[in-house]
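Student: Just dropping this structure here.
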Amino acid sequence: MAIVSFLISLAGATMLLLFAVRMVRTGIERSYGASFQRVMTRQNSMIQASIVGLTMALVLQSSAAVALLTSGFAASGLLSFGSGLAIVLGGDLGSALIIQILSFKLDWLVPLLLAIGGWLFVKTEQKKLRQMGRILMGIAFILISLRFLREAMDPIRDSAFLPAIADYLARDYITAFLVGAALAFVMHSSVAAILMCVTLVQIGAIPFTAGLSLVLGANLGSAFIPVWLTRGMDTAARRIPFANLGLRGAWAVISLFAINLALPADLLGAGHGGQMLVNAHLAFNASLLVLALPFCRMLQGPMEQLMPDTSAERDSEPVAKPSSALDPGNVGSSAQAISSLKRELLRMADLVEAMFRPTLRLYKSGEKDQIRAVQAVDAEVNDCLSGIRAFVAALPADTMSNQDAGIARDMLEYAVRLETAGDVVAKRLTVLAGDLRKTGKQFSKEGWSELQQMHETILVNMQLASNVLISDDLESARLLNAEKTEVKRAERNSRKRHFRRLQIGKVQSFETSDIHLETLRAFRDFNSHIAAVATPILYQSGQLLETRLIEEMPNSVAES
């Protein structure tokens, strides 16, 4: 019975730790996710890239999240292999610094973090303040979970069960190494796994030698996480996680044997505690970064030989665009028809994103042929809408359920919104880019930064909209709808700041005032069309009102 109680307590504390780490990461991603691309893809030196990775890991509370972002940017050609690998290595060191901070006794902070974080999350409406509340509460939950871990181990610390396992792990360091690797991979969080090991050493549940082998194994296991999570990506995206796995795994194995075979036994005795284990983990990651950083660019060639592009990736050309997923002459069952519509809408959304992504680049250096190339994509978007309209019209009304027919109509309406979003780019933004190029004027530094931030936010919202389209997830739909409100607020705030710049006589703001204000409005309209995919989901779940107008008051009340 005691064992069952222990396992339940241990599982509860572990899941709270995992939830808390994810809560912190989610809050930061929702607040600052749109700025990650700009920060990560504009680094020239390996040292700068590693510092960015370290900072991103501190912010996201996860080296795996940094590796995933890096892989995505590498796949899209925005990030080179060398810079990407340096960012990932820096992210691993940043993750070790998180553990250093969280390993201190900070229980006194828990009530303060819960009070401030809870108030910000419940009582404020501004997005970043709410997410800051989420972050603070997540940190508090991490500290609470570590306390729970310590309390869960207390009842069996003096039993015969735990010391037997601890002694075995201390003697068989290879088994301890493999257990640590499995623990980090299963938990999908090196921070959570190593914090657990540190806590076990702090309370004397396992000796320092076993904890050290577990931590080295956890470093190997954490390198497997991005390899697993990027398994469906292109080869260019997967090379960086595999290179990191090779470097990290080799250094972990070398360190394991060097420590257990080369060092005298008294240096690994029981006198060392959890803080020494944290220091060892930090030293491991710092030494790996110093040793591997000079070779990041050199490893690109060997990795390309080990992981060459597939024939499909080599043969793909920009003109080889995916064909339509719709065939009005072969509708199939209702489920097949809905799936075909979703695939076509995703293709249409990709085309619209391809139009929108380079818009600010056109503002900076857009030539006529570049502007015409973006406008030409609008014809393909229009063809998509025509195909979807014909496909929906061909659906057999007598055999489809009312629910499926409603879904098909909602998809047609979203196709109309996507086509309108394409028109915003082709008929408004590209025209504004051409006008700006003709005048030779430039935005003020502040105005350009505001446009960049809105542009990046909308690109993130486009990815979220595609996820909503695929999954029909209510929480994602709610988030997308909230992001629409945030873009409207950003447009309003940018307009106010622009008027202030006009009042103080900023010349650049006067020269580009019309284009700046029209761009803001076009961005807002574009984002509203993209976010419309969330509307049917919110309506069906009762999360959205038909109108925001207050109902007319009775005459007696009005007259009084």
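Chain labels run A, B, ... following the order of the structure tokens; each chain numbers its residues from 1, and ligands are numbered from 1 in the order shown.
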If you count only C-alpha atoms, which residues fall within 8 Å of region 525-529 of chain A, apart from same-chain ones fewer than 2 positions away, as a list in words?
Tutor: Arg417, Leu418, Thr420, Ala421, Val424, Val425, Ile458, Asn461, Lys484, Val487, Arg521, Ala522, Phe523, Ala531 and Ala532 of chain A
Student: Which residues are close to region 183-193 of chain A, i.e. within 9 Å by only C-alpha atoms, leaving aside same-chain residues fewer than 5 positions away? Reply as a ChimeraX atom specification.
Tutor: /A:14-15,17-18,21,61-64,95-96,98-99,142,178,198,214-215,217-225
Student: Using only C-alpha atoms, which residues sit within 10 Å of Lys342 (chain A) once same-chain residues fewer than 2 positions away are excluded, as JSON, numbers by chain?
Tutor: {"A": [325, 326, 336, 337, 338, 339, 340, 344, 345, 346, 347, 348, 408, 411, 466, 469, 470]}
Student: To one decimal place, how far is CA of Gly274 (chain A) from CA of Val201 (chain A) in Å?
Tutor: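 Atom-to-atom, CA of Gly274 (chain A) and CA of Val201 (chain A) are spaced 5.2 Å apart.
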Student: Hey, what's within 12 Å of Ala250 (chain A) if we count only C-alpha atoms and toss same-chain stuff fewer than 3 positions away? As an MDAnalysis selection string, please?
Tutor: chainID A and resid 216:217 219:220 223 243:247 253:257 284 288 292
Student: Which residue is closest to Leu69 (chain A)? Choose from A:Pro302, A:Gly84, A:Pro294, A:Gly118 and count only C-alpha atoms.
Tutor: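 Checking each of A:Pro302, A:Gly84, A:Pro294, A:Gly118 against Leu69 (chain A), counting only C-alpha atoms, the winner is A:Gly84.
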Student: Enumerate as a PyMOL selection string all residues of region 186-411 of chain A assigned to alpha helix (DSSP H) by DSSP on the backbone, naming them with the chain letters and numbers the document uses.
Tutor: chain A and resi 186-187+190-202+208-229+235-257+274-292+300-306+311-315+334-356+359-365+368-393+402-411
Student: Rank A:Leu109, A:Ala465, A:Ile240, A:Ala390 by their smallest atom-to-atom distance to Gln300 (chain A), using only C-alpha atoms, and report the top residue only.
Tutor: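 Among the listed residues, the smallest separation from Gln300 (chain A) belongs to A:Ile240.
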Student: Considering only C-alpha atoms, state which residue in the set A:Pro396, A:Gly204, A:Gly94, A:Gly422 is at the smallest distance from Thr359 (chain A).
Tutor: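 Closest to Thr359 (chain A) of all the choices is A:Gly422.
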Student: Point out the residue among A:Ser9, A:Leu212, A:Asp410, A:Gly434 with the least atom-to-atom distance to Tyr539 (chain A), counting only C-alpha atoms.
Tutor: A:Asp410
Student: Which residue, A:Ile135, A:Leu517, A:Ala86, A:Ala482, has the smallest gap to Thr535 (chain A) when you use only C-alpha atoms?
Tutor: A:Ala482
Student: Mind checking which residues fall within 12 Å of Ala354 (chain A), counting only C-alpha atoms, ignoring those fewer than 2 positions away in the same chain, and posting them as number ranges by chain?
Tutor: A: 76, 318, 321, 347-352, 356-359, 373-378, 380-381, 421-422, 425-426, 459, 462
Student: Next, dump the selected residues to file, keeping only C-alpha atoms, as a PDB file, in the first residue's frame.
Tutor:
ATOM      1  CA  SER A  76      12.308  27.363 -44.880  1.00  0.00           C
ATOM      2  CA  PRO A 318       8.997  26.716 -57.451  1.00  0.00           C
ATOM      3  CA  LYS A 321       2.980  23.709 -57.286  1.00  0.00           C
ATOM      4  CA  ARG A 347      -3.326  24.859 -50.410  1.00  0.00           C
ATOM      5  CA  MET A 348      -5.192  28.131 -50.814  1.00  0.00           C
ATOM      6  CA  ALA A 349      -3.955  29.368 -47.416  1.00  0.00           C
ATOM      7  CA  ASP A 350      -0.357  28.509 -48.407  1.00  0.00           C
ATOM      8  CA  LEU A 351      -0.728  30.587 -51.570  1.00  0.00           C
ATOM      9  CA  VAL A 352      -2.098  33.534 -49.608  1.00  0.00           C
ATOM     10  CA  PHE A 356       1.745  38.118 -47.774  1.00  0.00           C
ATOM     11  CA  ARG A 357       5.166  37.020 -46.479  1.00  0.00           C
ATOM     12  CA  PRO A 358       7.332  39.232 -48.780  1.00  0.00           C
ATOM     13  CA  THR A 359       5.175  42.375 -48.536  1.00  0.00           C
ATOM     14  CA  ALA A 373       5.163  38.121 -59.280  1.00  0.00           C
ATOM     15  CA  VAL A 374       3.227  38.508 -56.020  1.00  0.00           C
ATOM     16  CA  GLN A 375       0.168  39.820 -57.838  1.00  0.00           C
ATOM     17  CA  ALA A 376       0.295  36.871 -60.247  1.00  0.00           C
ATOM     18  CA  VAL A 377      -0.281  34.447 -57.352  1.00  0.00           C
ATOM     19  CA  ASP A 378      -3.647  36.114 -56.787  1.00  0.00           C
ATOM     20  CA  GLU A 380      -4.160  31.082 -58.547  1.00  0.00           C
ATOM     21  CA  VAL A 381      -5.994  32.016 -55.357  1.00  0.00           C
ATOM     22  CA  ALA A 421      -7.254  38.367 -48.083  1.00  0.00           C
ATOM     23  CA  GLY A 422      -5.335  37.707 -51.309  1.00  0.00           C
ATOM     24  CA  VAL A 425      -2.220  41.908 -50.758  1.00  0.00           C
ATOM     25  CA  ALA A 426      -2.546  42.106 -54.550  1.00  0.00           C
ATOM     26  CA  LEU A 459       2.326  35.304 -40.041  1.00  0.00           C
ATOM     27  CA  MET A 462      -1.726  32.253 -40.319  1.00  0.00           C
TER      28      MET A 462
END
Student: CA of Gln100 (chain A) and CA of Phe295 (chain A), how far apart in Å?
Tutor: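 If I compute the distance from CA of Phe295 (chain A) to CA of Gln100 (chain A), I get 27.2 Å.
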Student: Could you pull the residues within 9 Å of Arg147 (chain A), counting only C-alpha atoms, minus those fewer than 6 positions along the same chain, as an NGL selection string?
Tutor: :A and (13 or 107 or 199)
